[in-house]
Amino acid sequence: MIDLLIDARRKDLGGFEVGRVLRYARRRMVGPFIFLDQMGPAEFAPGSDAINVRPHPHIGLSTLTYLFEGEIMHRDSLGVTQAIRPGEVNWMTAGKGIVHSERTDPLKKSQGGPMHGMQAWIALPNDKEETEPDFQHHGEESLPTYQNGGLFARLVAGSAYGETARVQGASPLFYVHWEMAEGTTAAPPPGRGDGGYSERSVFVARGAVEVDGQTVRTGQLAVLKPEAQPTIAALEPSTVMLLGGEPVGERLIWWNFVASSQARIDQAKADWKAGRMKLPTDDQLEFIPLPEEPPASRPPQPTHPV
């Protein structure tokens with residue numbers, strides 16, 4: 001039932017850990033999802049720097065930020081300033097180019113508090129790579145939810161279980177949040193053999209689940225076989241994210257740039273270095289410079305809320 005089990009690569013950043021799940025050497029993407037990070041869980045002390053990501057650029061993708069705890073303030077070159085809180089969605093489409101920052105509000109910094117969430121990057125299909133940039137915020141009341149016994153489910157983006165979220169990608173996908181009490185069982189969206197999605201995966205953000213006899217623990221992503229239709233059982237109280245969809249084709253990723261061609265990556269690098277990409281309207285005093293060119297085998301790491 002499980003084709004591949006991926007352990008998040010944890011990095012301690014001084015009171016705050018992130019777990020990089022995708023990309024992975026043996027699995028570059030799941031459907032259109034090309035990047036997946038777990039942020040935290042962490043508890044920021046009052047007065048700490050918390051989340052403080054300076055303005056940086058993106059092309060060729062949509063970013064989806066979703067929190068279990070905490071708050072992040074988004075500002076971008078479209079003039080948007082928007083806080084995201086637990087159960088809400090910030091959906092930013094870079095298309096031909098956008099610049100944004102992610103920071104903790106000064107009042108929240110002074111108070112301290114928890115931070116736990118997910119950030120995903122979704123590659124755009126070829127005919128949408130150069131679309132106009134866009135930003136959408138969706139409150140938790142606008143996202144389809146379901147509750148039965150020990151299962152709470154929220155459809156974060158895409159389509160699944162007969163529901164369609166207001167957060168729609170440029171290609172077929174699904175992104176679902178489960179909260180599972182111990183002993184609860186549920187099934188992922190159907191796979192290819194049942195008229196469903198070609199690629200599906202299960203990420204455990206907290207707790208542990210069993211996927212047809214195989215245990216998947218905190219920080220692990222289980223990539224399911226295309227024809228599999230497993231039962232997922234919570235071995236303890238668990239937070240689970242289900243994600244996948246249809247492939248959009250091979251993609252290159254360099255720093256924060258995603259594209260189907262090296263020429264487009266090179267153009268984005270030149271544009272950012274030359275200052276041709278507009279900074280966020282409410283955050284123009286600093287930015288992250290273009291990284292130095294590392295050895296070919298080690299591209300610069302993407303920027304994310306750390």
# chains A, B, ... in the order shown; residues from 1 in each chain; ligands from 1

call {"tool": "residues_around", "arguments": {"residues": "region 246-252 of chain A", "least_positions_apart": "4", "cutoff": "9 Å", "atoms": "only C-alpha atoms", "output": "list in words"}}
result
Arg28, Met29, Val30, Gly31, Pro32, Phe33, Ile34, Ala123, Leu124, Pro125, Asn126, Ser171, Pro172, Leu173, Tyr197, Ser198, Glu199, Phe257, Val258, Ala259, Ser260, Ser261, Gln262 and Ile265 of chain A

call {"tool": "residues_around", "arguments": {"residues": "Gly149 (chain A)", "least_positions_apart": "2", "cutoff": "12 Å", "atoms": "only C-alpha atoms", "output": "ChimeraX atom specification"}}
result
/A:146-147,151-153,179-186

call {"tool": "write_last_selection", "arguments": {"atoms": "C-alpha atoms", "output": "mmCIF file, in the first residue's frame"}}
result
data_model
loop_
_atom_site.group_PDB
_atom_site.id
_atom_site.type_symbol
_atom_site.label_atom_id
_atom_site.label_comp_id
_atom_site.auth_asym_id
_atom_site.auth_seq_id
_atom_site.Cartn_x
_atom_site.Cartn_y
_atom_site.Cartn_z
ATOM 1 C CA TYR A 146 -16.702 17.201 8.316
ATOM 2 C CA GLN A 147 -16.887 15.702 11.796
ATOM 3 C CA LEU A 151 -12.539 12.401 13.064
ATOM 4 C CA PHE A 152 -12.464 16.100 12.179
ATOM 5 C CA ALA A 153 -11.680 16.825 8.532
ATOM 6 C CA GLU A 179 -7.585 15.537 13.430
ATOM 7 C CA MET A 180 -7.952 11.922 14.578
ATOM 8 C CA ALA A 181 -8.720 10.597 18.053
ATOM 9 C CA GLU A 182 -6.965 7.383 19.051
ATOM 10 C CA GLY A 183 -8.648 4.396 17.386
ATOM 11 C CA THR A 184 -10.292 6.446 14.615
ATOM 12 C CA THR A 185 -10.134 5.011 11.092
ATOM 13 C CA ALA A 186 -10.610 6.755 7.748
#

call {"tool": "residues_around", "arguments": {"residues": "Ser159 (chain A)", "least_positions_apart": "4", "cutoff": "9 Å", "atoms": "only C-alpha atoms", "output": "list in words"}}
result
Leu155, Glu163, Thr164, Ala165, Gln168, Pro172, Leu173, Phe174 and Tyr175 of chain A

call {"tool": "select_by_dssp", "arguments": {"residues": "region 51-299 of chain A", "states": "strand (DSSP E or B)", "output": "PyMOL selection string"}}
result
chain A and resi 52-59+61-69+72-76+81-84+89-93+98-103+113-123+134-138+145-148+151-160+163-164+173-180+185-186+191+197+199-206+208-211+214-217+220-224+232-234+238-245+252-254+257-259

call {"tool": "closest_residue", "arguments": {"among": "A:Leu221, A:Met277, A:Ala25, A:Ile253", "to": "Pro300 (chain A)", "atoms": "only C-alpha atoms"}}
result
A:Ile253

call {"tool": "residues_around", "arguments": {"residues": "region 80-90 of chain A", "least_positions_apart": "3", "cutoff": "10 Å", "atoms": "only C-alpha atoms", "output": "VMD selection string"}}
result
chain A and resid 63 to 77 93 100 to 105 115 to 117 119 134 to 143 154 156 to 157 167 177 280 to 283

call {"tool": "residues_around", "arguments": {"residues": "Pro190 (chain A)", "least_positions_apart": "2", "cutoff": "10 Å", "atoms": "only C-alpha atoms", "output": "JSON, numbers by chain"}}
result
{"A": [160, 161, 187, 188, 192, 193, 194, 195, 196, 197, 198, 199, 200, 226, 227, 228, 229, 230]}

call {"tool": "atom_distance", "arguments": {"atom1": "CA of Gln220 (chain A)", "atom2": "CA of Gly158 (chain A)"}}
result
22.5 Å

call {"tool": "closest_atom_pairs", "arguments": {"of": "region 105-125 of chain A", "to": "region 45-52 of chain A", "cutoff": "9 Å", "atoms": "only C-alpha atoms", "output": "tab-separated table"}}
result
residue	atom	partner	partner_atom	distance
A:Asp105	CA	A:Ile51	CA	8.8
A:Pro106	CA	A:Gly47	CA	8.8
A:Lys108	CA	A:Pro46	CA	8.3
A:Lys109	CA	A:Gly47	CA	5.3
A:Ser110	CA	A:Gly47	CA	4.5
A:Gln111	CA	A:Pro46	CA	4.8
A:Gly112	CA	A:Pro46	CA	4.0
A:Gly113	CA	A:Ala45	CA	6.7
A:Pro114	CA	A:Ala45	CA	9.0
A:Met115	CA	A:Ala50	CA	8.7

call {"tool": "closest_residue", "arguments": {"among": "A:Ala94, A:Leu78, A:Leu36, A:Met118", "to": "Ser62 (chain A)", "atoms": "only C-alpha atoms"}}
result
A:Ala94

call {"tool": "atom_distance", "arguments": {"atom1": "CA of Phe44 (chain A)", "atom2": "CA of Lys11 (chain A)"}}
result
16.3 Å
